[in-house]
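structure.txt (compact mmCIF, C-alpha atoms) appears below.
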```txt
# COMPACT_ATOMS: atom_id res chain seq x y z
CA MET V 1 -42.91 20.18 -56.85
CA ILE V 2 -42.00 23.52 -55.27
CA ALA V 3 -43.83 22.50 -52.09
CA LEU V 4 -41.95 19.19 -52.04
CA ILE V 5 -38.59 20.91 -52.47
CA ALA V 6 -39.43 23.37 -49.69
CA THR V 7 -40.35 20.49 -47.41
CA LEU V 8 -37.09 18.68 -48.14
CA LEU V 9 -35.06 21.84 -47.56
CA ALA V 10 -36.86 22.44 -44.25
CA ALA V 11 -36.18 18.84 -43.21
CA ALA V 12 -32.52 19.16 -44.20
CA GLN V 13 -32.19 22.40 -42.27
CA HIS V 14 -33.81 20.81 -39.20
CA LEU V 15 -31.39 17.88 -39.45
CA VAL V 16 -28.40 20.22 -39.68
CA VAL V 17 -29.60 22.20 -36.65
CA SER V 18 -30.29 18.99 -34.69
CA ASN V 19 -26.85 17.59 -35.50
CA ALA V 20 -25.22 20.87 -34.50
CA ARG V 21 -27.06 20.85 -31.19
CA ALA V 22 -26.10 17.23 -30.55
CA ALA V 23 -22.47 17.99 -31.33
CA LYS V 24 -22.53 20.95 -28.95
CA VAL V 25 -24.08 18.88 -26.15
CA PHE V 26 -21.44 16.19 -26.71
CA ALA V 27 -18.63 18.77 -26.61
CA ASP V 28 -20.12 20.35 -23.49
CA SER V 29 -20.37 16.93 -21.84
CA LEU V 30 -16.69 16.22 -22.50
CA ARG V 31 -15.70 19.66 -21.22
CA ALA V 32 -17.82 19.28 -18.08
CA GLU V 33 -16.38 15.84 -17.27
CA GLU V 34 -12.84 17.13 -17.80
CA LEU V 35 -13.52 19.95 -15.35
CA GLY V 36 -15.24 17.56 -12.95
CA ARG V 37 -12.15 15.38 -12.84
CA THR V 38 -10.04 18.48 -12.26
CA ALA V 39 -11.91 18.74 -8.95
CA VAL V 40 -9.76 15.91 -7.56
CA ASP V 41 -6.61 18.05 -7.78
CA LEU V 42 -8.44 21.11 -6.50
CA VAL V 43 -9.66 19.25 -3.42
CA MET V 44 -6.17 17.96 -2.72
CA ALA V 45 -4.74 21.48 -2.97
CA GLN V 46 -7.47 22.73 -0.63
CA ILE V 47 -6.85 20.21 2.15
CA GLN V 48 -3.06 20.27 2.08
CA THR V 49 -3.11 23.36 4.27
CA GLY V 50 -2.77 21.18 7.34
CA ASP V 51 -5.85 22.72 8.96
CA PRO V 52 -7.70 19.85 10.75
CA THR V 53 -11.08 21.47 10.10
CA GLY V 54 -10.27 21.90 6.43
CA ARG V 55 -9.37 18.23 6.16
CA ARG V 56 -12.73 17.20 7.57
CA ASN V 57 -15.00 19.17 5.29
CA GLY V 58 -15.16 22.26 3.15
CA SER V 59 -16.72 24.09 0.25
CA PHE V 60 -15.22 26.36 -2.39
CA THR V 61 -15.68 27.64 -5.93
CA ALA V 62 -13.06 27.74 -8.67
CA PHE V 63 -13.61 30.32 -11.40
CA LEU V 64 -12.09 28.90 -14.57
CA ASP V 65 -12.03 29.92 -18.21
CA GLN V 66 -15.65 29.96 -19.39
CA ALA V 67 -16.74 27.83 -16.45
CA ASP V 68 -17.34 27.77 -12.69
CA LEU V 69 -16.65 24.71 -10.57
CA HIS V 70 -18.29 24.48 -7.15
CA ILE V 71 -17.03 21.73 -4.84
CA ASP V 72 -18.26 20.40 -1.49
CA TYR V 73 -16.26 17.70 0.27
CA LEU V 74 -16.72 15.73 3.47
CA SER V 75 -14.56 13.17 5.25
CA GLU V 76 -15.98 9.66 5.17
CA SER V 77 -15.72 9.74 8.97
CA ALA V 78 -19.10 11.50 8.75
CA ARG V 79 -20.65 8.22 7.56
CA ILE V 80 -21.16 4.83 9.16
CA ASP V 81 -18.89 2.09 7.83
CA VAL V 82 -21.01 -0.93 6.98
CA ASN V 83 -18.15 -3.35 7.63
CA LEU V 84 -16.70 -1.93 10.85
CA ALA V 85 -19.31 0.08 12.75
CA PRO V 86 -20.98 -1.54 15.77
CA PRO V 87 -24.22 -3.30 14.77
CA ALA V 88 -26.04 -1.23 17.42
CA LEU V 89 -24.98 1.99 15.65
CA ILE V 90 -26.28 0.68 12.33
CA ALA V 91 -29.51 -0.35 14.03
CA GLY V 92 -29.80 3.18 15.43
CA LEU V 93 -29.58 4.54 11.89
CA ALA V 94 -32.23 2.05 10.79
CA ARG V 95 -34.53 3.36 13.52
CA ALA V 96 -33.88 6.92 12.38
CA ALA V 97 -34.77 5.73 8.85
CA GLY V 98 -38.12 4.40 10.00
CA LEU V 99 -37.65 0.83 11.27
CA GLU V 100 -39.54 -0.17 14.39
CA PRO V 101 -37.36 -0.88 17.47
CA ASN V 102 -37.90 -4.64 17.25
CA GLU V 103 -37.03 -4.65 13.55
CA ALA V 104 -33.89 -2.58 14.19
CA SER V 105 -32.89 -4.96 16.96
CA ALA V 106 -33.33 -7.92 14.59
CA LEU V 107 -31.16 -6.12 12.02
CA SER V 108 -28.44 -5.63 14.62
CA GLU V 109 -28.51 -9.35 15.39
CA ARG V 110 -28.34 -10.28 11.68
CA ILE V 111 -25.31 -8.05 11.14
CA ALA V 112 -23.56 -9.46 14.22
CA SER V 113 -24.31 -12.98 12.98
CA LEU V 114 -23.00 -12.21 9.48
CA ARG V 115 -19.77 -10.88 10.96
CA GLY V 116 -19.40 -13.80 13.34
CA ALA V 117 -18.17 -17.33 12.91
CA GLY V 118 -14.91 -16.18 11.36
CA ASN V 119 -16.60 -14.54 8.39
CA LYS V 120 -14.02 -12.10 6.96
CA LYS V 121 -15.90 -11.21 3.78
CA SER V 122 -16.49 -7.47 3.52
CA ILE V 123 -19.15 -5.56 1.64
CA GLU V 124 -17.27 -3.77 -1.14
CA ASP V 125 -20.21 -2.15 -2.93
CA ILE V 126 -22.72 -0.13 -0.91
CA GLU V 127 -25.47 -1.31 -3.27
CA ALA V 128 -25.01 -4.84 -1.89
CA VAL V 129 -26.08 -3.77 1.61
CA ALA V 130 -29.82 -4.24 1.05
CA SER V 131 -29.51 -7.86 -0.08
CA THR V 132 -26.75 -8.73 2.41
CA TRP V 133 -28.69 -7.39 5.39
CA ASP V 134 -32.12 -8.35 4.01
CA LEU V 135 -33.32 -4.75 4.13
CA ASP V 136 -36.51 -3.38 2.63
CA PRO V 137 -35.53 -1.28 -0.43
CA GLU V 138 -37.24 1.82 0.96
CA VAL V 139 -35.42 1.53 4.29
CA PHE V 140 -32.12 1.01 2.50
CA ALA V 141 -32.79 4.06 0.30
CA ALA V 142 -33.31 6.12 3.46
CA MET V 143 -30.10 4.79 5.06
CA ARG V 144 -27.87 4.81 1.98
CA PRO V 145 -26.67 8.45 2.09
CA TYR V 146 -25.25 7.87 5.57
CA LEU V 147 -23.45 4.57 4.91
CA THR V 148 -20.01 3.97 3.44
CA VAL V 149 -17.45 1.26 2.77
CA THR V 150 -14.50 3.66 2.95
CA ASN V 151 -14.58 5.18 6.44
CA GLY V 152 -11.82 2.77 7.45
CA SER V 153 -12.86 2.69 11.11
CA ALA V 154 -15.78 1.78 13.34
CA LYS V 155 -16.19 5.41 14.44
CA VAL V 156 -17.98 8.52 13.19
CA ASP V 157 -17.21 12.21 13.64
CA PRO V 158 -20.12 13.85 15.51
CA LEU V 159 -18.99 17.34 14.53
CA ILE V 160 -19.64 16.83 10.81
CA ALA V 161 -22.05 13.89 10.68
CA ASP V 162 -25.55 14.34 9.29
CA PRO V 163 -28.41 14.65 11.81
CA LYS V 164 -29.50 11.12 10.84
CA VAL V 165 -26.11 9.77 11.97
CA ILE V 166 -26.36 11.78 15.19
CA ALA V 167 -29.80 10.26 15.69
CA ALA V 168 -28.20 6.83 15.24
CA LEU V 169 -25.82 7.60 18.12
CA PHE V 170 -28.89 8.29 20.25
CA GLU V 171 -30.60 5.12 18.96
CA GLY V 172 -33.15 7.05 16.93
CA GLU V 173 -34.40 10.59 16.53
CA GLY V 174 -35.63 12.37 19.64
CA PRO V 175 -35.15 15.35 21.96
CA ALA V 176 -31.69 14.20 23.06
CA SER V 177 -30.26 14.16 19.54
CA GLU V 178 -31.95 17.48 18.76
CA LEU V 179 -30.37 19.01 21.87
CA PHE V 180 -26.95 17.78 20.76
CA LEU V 181 -27.44 19.29 17.31
CA ALA V 182 -28.49 22.60 18.83
CA ARG V 183 -25.36 22.67 20.97
CA ARG V 184 -23.25 21.71 17.94
CA ALA V 185 -24.70 24.63 16.00
CA GLU V 186 -23.58 26.97 18.77
CA GLY V 187 -20.11 25.37 18.77
CA PHE V 188 -18.48 23.12 21.34
CA ALA V 189 -15.56 24.67 23.20
CA THR V 190 -13.55 21.45 23.03
CA GLU V 191 -13.83 17.96 21.60
CA ASN V 192 -14.25 16.66 25.15
CA ASP V 193 -17.33 18.87 25.50
CA ALA V 194 -18.76 17.31 22.36
CA THR V 195 -18.03 13.81 23.63
CA SER V 196 -19.59 14.47 27.04
CA ALA V 197 -22.80 15.60 25.31
CA LEU V 198 -23.20 12.10 23.85
CA PRO V 199 -24.56 9.00 25.62
CA SER V 200 -21.77 7.26 27.50
CA ARG V 201 -22.55 3.97 25.74
CA VAL V 202 -21.51 5.37 22.34
CA ARG V 203 -18.58 7.59 23.26
CA GLU V 204 -16.14 4.93 22.09
CA ALA V 205 -17.84 5.05 18.66
CA VAL V 206 -16.86 8.66 17.93
CA THR V 207 -13.70 10.22 16.54
CA PHE V 208 -12.53 13.70 15.63
CA LYS V 209 -9.92 12.62 13.13
CA PRO V 210 -10.65 12.71 9.38
CA ALA V 211 -10.81 9.36 7.63
CA ARG V 212 -8.28 8.46 4.95
CA ALA V 213 -11.07 8.82 2.40
CA LEU V 214 -13.38 11.70 1.57
CA ARG V 215 -16.43 12.17 -0.63
CA ALA V 216 -16.86 15.21 -2.85
CA HIS V 217 -19.53 16.70 -5.08
CA ALA V 218 -18.43 18.80 -8.03
CA ARG V 219 -20.96 20.98 -9.85
CA VAL V 220 -19.80 22.29 -13.22
CA HIS V 221 -21.44 25.37 -14.76
CA LEU V 222 -20.28 26.23 -18.28
CA ALA V 223 -20.63 29.78 -19.59
CA ASP V 224 -23.29 28.69 -22.11
CA GLY V 225 -25.52 27.42 -19.29
CA PHE V 226 -24.65 23.71 -19.55
CA GLN V 227 -24.47 22.05 -16.11
CA ARG V 228 -23.31 18.69 -14.80
CA SER V 229 -22.73 17.28 -11.31
CA TYR V 230 -20.32 14.52 -10.24
CA GLU V 231 -19.62 12.62 -7.04
CA PHE V 232 -16.31 10.96 -6.26
CA VAL V 233 -14.55 9.27 -3.35
CA LEU V 234 -10.79 9.47 -3.01
CA THR V 235 -8.21 8.24 -0.53
CA MET V 236 -5.85 10.74 1.01
CA PRO V 237 -2.22 10.07 0.10
CA LYS V 238 0.13 9.30 2.99
CA ALA V 239 2.81 11.64 1.67
CA ASP V 240 2.50 15.14 0.16
CA ASP V 241 4.26 14.06 -3.03
CA GLU V 242 1.76 11.24 -3.67
CA LYS V 243 -1.25 11.75 -5.94
CA ALA V 244 -4.78 10.98 -4.84
CA GLU V 245 -6.78 8.77 -7.17
CA PRO V 246 -10.58 8.45 -7.07
CA LEU V 247 -11.87 5.19 -5.62
CA ALA V 248 -15.29 5.81 -7.15
CA TRP V 249 -16.63 8.28 -9.70
CA ARG V 250 -20.15 8.84 -11.01
CA MET V 251 -22.24 11.47 -12.68
CA ILE V 252 -25.19 12.61 -10.59
CA PRO V 253 -28.41 12.80 -12.63
```

Any chance you could put this one into structure tokens?
Amino acid sequence: MIALIATLLAAAQHLVVSNARAAKVFADSLRAEELGRTAVDLVMAQIQTGDPTGRRNGSFTAFLDQADLHIDYLSESARIDVNLAPPALIAGLARAAGLEPNEASALSERIASLRGAGNKKSIEDIEAVASTWDLDPEVFAAMRPYLTVTNGSAKVDPLIADPKVIAALFEGEGPASELFLARRAEGFATENDATSALPSRVREAVTFKPARALRAHARVHLADGFQRSYEFVLTMPKADDEKAEPLAWRMIP
């Protein structure tokens, strides 16, 4: 009987501890999400300095009560718009992602055909790209980080774009794109210098203006060690007194 009572007490104690831990995790989750959503206002405050570079991309840390919030943000002009970018630019990204030249060329033709014949239907969810373009899932997974539906233009910013996007401008990775990246790391004197370092055939596909939308990653670190990361996309308000609202929001596993 004593052994049975001891077992029941141990089980009860374990249940109490487990419930307490679950409650703490739940409370931490709510606190982390609250702080993650605070990142929207912090990003807006950061970019309203009027500095063109600061509106393109940036990184900062906010030290809050019992928590740190680290934020990276990047204009969507760094990504290729699946609805507006030239099919050849998308094909260049596909080549950088591993497609053979003939397969990338076929993809370019499919995209041009889908956009033709008066078809005005846009891709609204990036996850629909693979099925719409008939892409292999692995190729799409390799391309996905560099695609967007919220650039708002057919152009990309070569000063902040990922090396894969730069490779797309050069129709695939190679010495020419690596040379451009090396020069970018040193710093171009002017935007014209950056443009002249690109192939003439794609110079009309570049811009140095931030898109109306940007993508941000917010990493929340609570004082007790709990961590969560979030990604969100928001559209820049046209007036300073307007409030930016996230177009998309998700927790990053």

Report as a Markdown table: every residue of segment 205-237 of chain V with an atom at most 7 Å from segment 68-74 of chain V, its closest pair of atoms, and their distance in Å to one decimal, counting all atoms listed in the file, with rows sorted by chain and ascending residue number.
```
| residue | atom | partner | partner_atom | distance |
| --- | --- | --- | --- | --- |
| V:Leu214 | CA | V:Leu74 | CA | 5.6 |
| V:Arg215 | CA | V:Leu74 | CA | 5.4 |
| V:Ala216 | CA | V:Tyr73 | CA | 4.0 |
| V:His217 | CA | V:Asp72 | CA | 5.3 |
| V:Ala218 | CA | V:Ile71 | CA | 4.6 |
| V:Arg219 | CA | V:His70 | CA | 5.2 |
| V:Val220 | CA | V:Leu69 | CA | 4.8 |
| V:His221 | CA | V:Asp68 | CA | 5.2 |
| V:Leu222 | CA | V:Asp68 | CA | 6.5 |
```

Exercise. Please, what distance in Å, to one decimal, runs between atom CA of Gln48 of chain V and atom CA of Pro158 of chain V?
Worked result: 22.6 Å

Can you list every residue of segment 38-114 of chain V that has an atom at most 9 Å from segment 143-153 of chain V, with its nearest atom pair and the distance in Å to one decimal, using all atoms listed in the file, ordered by chain then number, as a Markdown table?
```
| residue | atom | partner | partner_atom | distance |
| --- | --- | --- | --- | --- |
| V:Ser75 | CA | V:Asn151 | CA | 8.1 |
| V:Glu76 | CA | V:Asn151 | CA | 4.9 |
| V:Ser77 | CA | V:Asn151 | CA | 5.3 |
| V:Ala78 | CA | V:Tyr146 | CA | 7.8 |
| V:Arg79 | CA | V:Tyr146 | CA | 5.0 |
| V:Ile80 | CA | V:Leu147 | CA | 4.8 |
| V:Asp81 | CA | V:Thr148 | CA | 4.9 |
| V:Val82 | CA | V:Val149 | CA | 5.9 |
| V:Asn83 | CA | V:Val149 | CA | 6.7 |
| V:Leu84 | CA | V:Ser153 | CA | 6.0 |
| V:Ala85 | CA | V:Ser153 | CA | 7.1 |
| V:Ile90 | CA | V:Leu147 | CA | 8.8 |
| V:Leu93 | CA | V:Met143 | CA | 6.9 |
| V:Ala94 | CA | V:Met143 | CA | 6.7 |
| V:Ala96 | CA | V:Met143 | CA | 8.5 |
| V:Ala97 | CA | V:Met143 | CA | 6.1 |
```

Exercise. What's the 8 Å shell around Ala194 of chain V, counting all atoms listed in the file, without same-chain residues fewer than 5 positions away, as a list in words?
Worked result: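 Everything that qualifies: Pro158, Leu159, Arg184 and Phe188 of chain V.
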
Exercise. For the atom pair atom CA of Pro246 of chain V and atom CA of Val233 of chain V, what is the interatomic distance in Å to one decimal place?
Worked result: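 Rounded to one decimal, the two atoms are 5.5 Å apart.
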
Problem set entry | Nearest-residue call for Ala142 of chain V, choices V:Ala130, V:Met44, V:Val156, V:Leu64, using all atoms listed in the file | V:Ala130

For this session: Please provide the set of residues having any atom within 10 Å of Ile166 of chain V, restricted to all atoms listed in the file, with same-chain residues fewer than 2 positions apart removed, written as a ChimeraX atom specification.
Result: /V:78,89,92-93,96,156-164,168-173,176-178,180-181,198

Resulting file, chosen residues, C-alpha atoms, as a PDB file, in the coordinates of the input:
```pdb
ATOM      1  CA  ALA V  78     -19.100  11.500   8.750  1.00  0.00           C
ATOM      2  CA  LEU V  89     -24.980   1.990  15.650  1.00  0.00           C
ATOM      3  CA  GLY V  92     -29.800   3.180  15.430  1.00  0.00           C
ATOM      4  CA  LEU V  93     -29.580   4.540  11.890  1.00  0.00           C
ATOM      5  CA  ALA V  96     -33.880   6.920  12.380  1.00  0.00           C
ATOM      6  CA  VAL V 156     -17.980   8.520  13.190  1.00  0.00           C
ATOM      7  CA  ASP V 157     -17.210  12.210  13.640  1.00  0.00           C
ATOM      8  CA  PRO V 158     -20.120  13.850  15.510  1.00  0.00           C
ATOM      9  CA  LEU V 159     -18.990  17.340  14.530  1.00  0.00           C
ATOM     10  CA  ILE V 160     -19.640  16.830  10.810  1.00  0.00           C
ATOM     11  CA  ALA V 161     -22.050  13.890  10.680  1.00  0.00           C
ATOM     12  CA  ASP V 162     -25.550  14.340   9.290  1.00  0.00           C
ATOM     13  CA  PRO V 163     -28.410  14.650  11.810  1.00  0.00           C
ATOM     14  CA  LYS V 164     -29.500  11.120  10.840  1.00  0.00           C
ATOM     15  CA  ALA V 168     -28.200   6.830  15.240  1.00  0.00           C
ATOM     16  CA  LEU V 169     -25.820   7.600  18.120  1.00  0.00           C
ATOM     17  CA  PHE V 170     -28.890   8.290  20.250  1.00  0.00           C
ATOM     18  CA  GLU V 171     -30.600   5.120  18.960  1.00  0.00           C
ATOM     19  CA  GLY V 172     -33.150   7.050  16.930  1.00  0.00           C
ATOM     20  CA  GLU V 173     -34.400  10.590  16.530  1.00  0.00           C
ATOM     21  CA  ALA V 176     -31.690  14.200  23.060  1.00  0.00           C
ATOM     22  CA  SER V 177     -30.260  14.160  19.540  1.00  0.00           C
ATOM     23  CA  GLU V 178     -31.950  17.480  18.760  1.00  0.00           C
ATOM     24  CA  PHE V 180     -26.950  17.780  20.760  1.00  0.00           C
ATOM     25  CA  LEU V 181     -27.440  19.290  17.310  1.00  0.00           C
ATOM     26  CA  LEU V 198     -23.200  12.100  23.850  1.00  0.00           C
TER      27      LEU V 198
END
```

Let me know the centre plus edge lengths, in Å and rounded to one decimal, of a box with edges along x, y and z that contains all listed atoms of segment 186-202 of chain V and is padded by 3 Å on every side, as lines of an AutoDock Vina configuration file.
```
center_x = -19.1
center_y = 15.5
center_z = 23.1
size_x = 17.0
size_y = 29.0
size_z = 14.7
```

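One distance worth recording is that between atom CA of Ala91 of chain V and atom CA of Ala104 of chain V, which is 4.9 Å.
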
Exercise. With all atoms listed in the file as the atoms that count, which of V:Lys121, V:Arg228, V:Arg55, V:Lys155 lies nearest to Arg250 of chain V?
Worked result: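 With all atoms listed in the file as the atom set, the closest residue is V:Arg228.
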
Final all heavy atoms of segment 161-172 of chain V as a compact mmCIF listing (two decimals), keeping the file's coordinate frame:
```txt
# COMPACT_ATOMS: atom_id res chain seq x y z
N ALA V 161 -21.08 14.89 11.12
CA ALA V 161 -22.05 13.89 10.68
C ALA V 161 -23.43 14.50 10.48
O ALA V 161 -23.82 15.47 11.14
CB ALA V 161 -22.13 12.75 11.70
N ASP V 162 -24.19 13.92 9.56
CA ASP V 162 -25.55 14.34 9.29
C ASP V 162 -26.43 14.10 10.52
O ASP V 162 -26.15 13.21 11.33
CB ASP V 162 -26.09 13.54 8.10
CG ASP V 162 -27.46 14.02 7.64
OD1 ASP V 162 -28.48 13.53 8.18
OD2 ASP V 162 -27.50 14.89 6.76
N PRO V 163 -27.49 14.89 10.69
CA PRO V 163 -28.41 14.65 11.81
C PRO V 163 -28.92 13.22 11.92
O PRO V 163 -29.18 12.74 13.03
CB PRO V 163 -29.56 15.63 11.52
CG PRO V 163 -28.89 16.78 10.84
CD PRO V 163 -27.84 16.14 9.96
N LYS V 164 -29.06 12.51 10.78
CA LYS V 164 -29.50 11.12 10.84
C LYS V 164 -28.45 10.24 11.54
O LYS V 164 -28.79 9.31 12.27
CB LYS V 164 -29.76 10.58 9.43
CG LYS V 164 -30.99 11.14 8.76
CD LYS V 164 -32.26 10.64 9.40
CE LYS V 164 -33.49 11.11 8.63
NZ LYS V 164 -34.75 10.72 9.29
N VAL V 165 -27.17 10.53 11.31
CA VAL V 165 -26.11 9.77 11.97
C VAL V 165 -26.07 10.12 13.45
O VAL V 165 -25.86 9.25 14.31
CB VAL V 165 -24.75 10.04 11.31
CG1 VAL V 165 -23.62 9.32 12.03
CG2 VAL V 165 -24.79 9.61 9.84
N ILE V 166 -26.28 11.38 13.78
CA ILE V 166 -26.36 11.78 15.19
C ILE V 166 -27.52 11.05 15.85
O ILE V 166 -27.41 10.56 16.99
CB ILE V 166 -26.52 13.30 15.33
CG1 ILE V 166 -25.31 14.02 14.70
CG2 ILE V 166 -26.70 13.70 16.78
CD1 ILE V 166 -23.98 13.66 15.32
N ALA V 167 -28.65 10.98 15.15
CA ALA V 167 -29.80 10.26 15.69
C ALA V 167 -29.44 8.80 15.93
O ALA V 167 -29.90 8.20 16.92
CB ALA V 167 -30.99 10.36 14.73
N ALA V 168 -28.62 8.21 15.06
CA ALA V 168 -28.20 6.83 15.24
C ALA V 168 -27.41 6.66 16.54
O ALA V 168 -27.54 5.65 17.24
CB ALA V 168 -27.37 6.37 14.06
N LEU V 169 -26.59 7.66 16.87
CA LEU V 169 -25.82 7.60 18.12
C LEU V 169 -26.75 7.61 19.34
O LEU V 169 -26.42 7.07 20.39
CB LEU V 169 -24.86 8.78 18.20
CG LEU V 169 -23.68 8.74 17.23
CD1 LEU V 169 -22.94 10.09 17.23
CD2 LEU V 169 -22.71 7.62 17.59
N PHE V 170 -27.91 8.24 19.17
CA PHE V 170 -28.89 8.29 20.25
C PHE V 170 -29.97 7.23 20.08
O PHE V 170 -31.03 7.32 20.70
CB PHE V 170 -29.54 9.69 20.29
CG PHE V 170 -28.65 10.76 20.84
CD1 PHE V 170 -27.78 11.45 20.00
CD2 PHE V 170 -28.66 11.07 22.19
CE1 PHE V 170 -26.96 12.46 20.50
CE2 PHE V 170 -27.84 12.06 22.69
CZ PHE V 170 -26.99 12.76 21.86
N GLU V 171 -29.70 6.24 19.21
CA GLU V 171 -30.60 5.12 18.96
C GLU V 171 -31.95 5.57 18.40
O GLU V 171 -33.00 5.03 18.74
CB GLU V 171 -30.81 4.27 20.22
CG GLU V 171 -29.53 3.63 20.72
CD GLU V 171 -29.76 2.73 21.92
OE1 GLU V 171 -30.87 2.78 22.49
OE2 GLU V 171 -28.84 1.99 22.28
N GLY V 172 -31.93 6.57 17.56
CA GLY V 172 -33.15 7.05 16.93
C GLY V 172 -33.38 8.51 17.23
O GLY V 172 -32.86 9.06 18.18
```
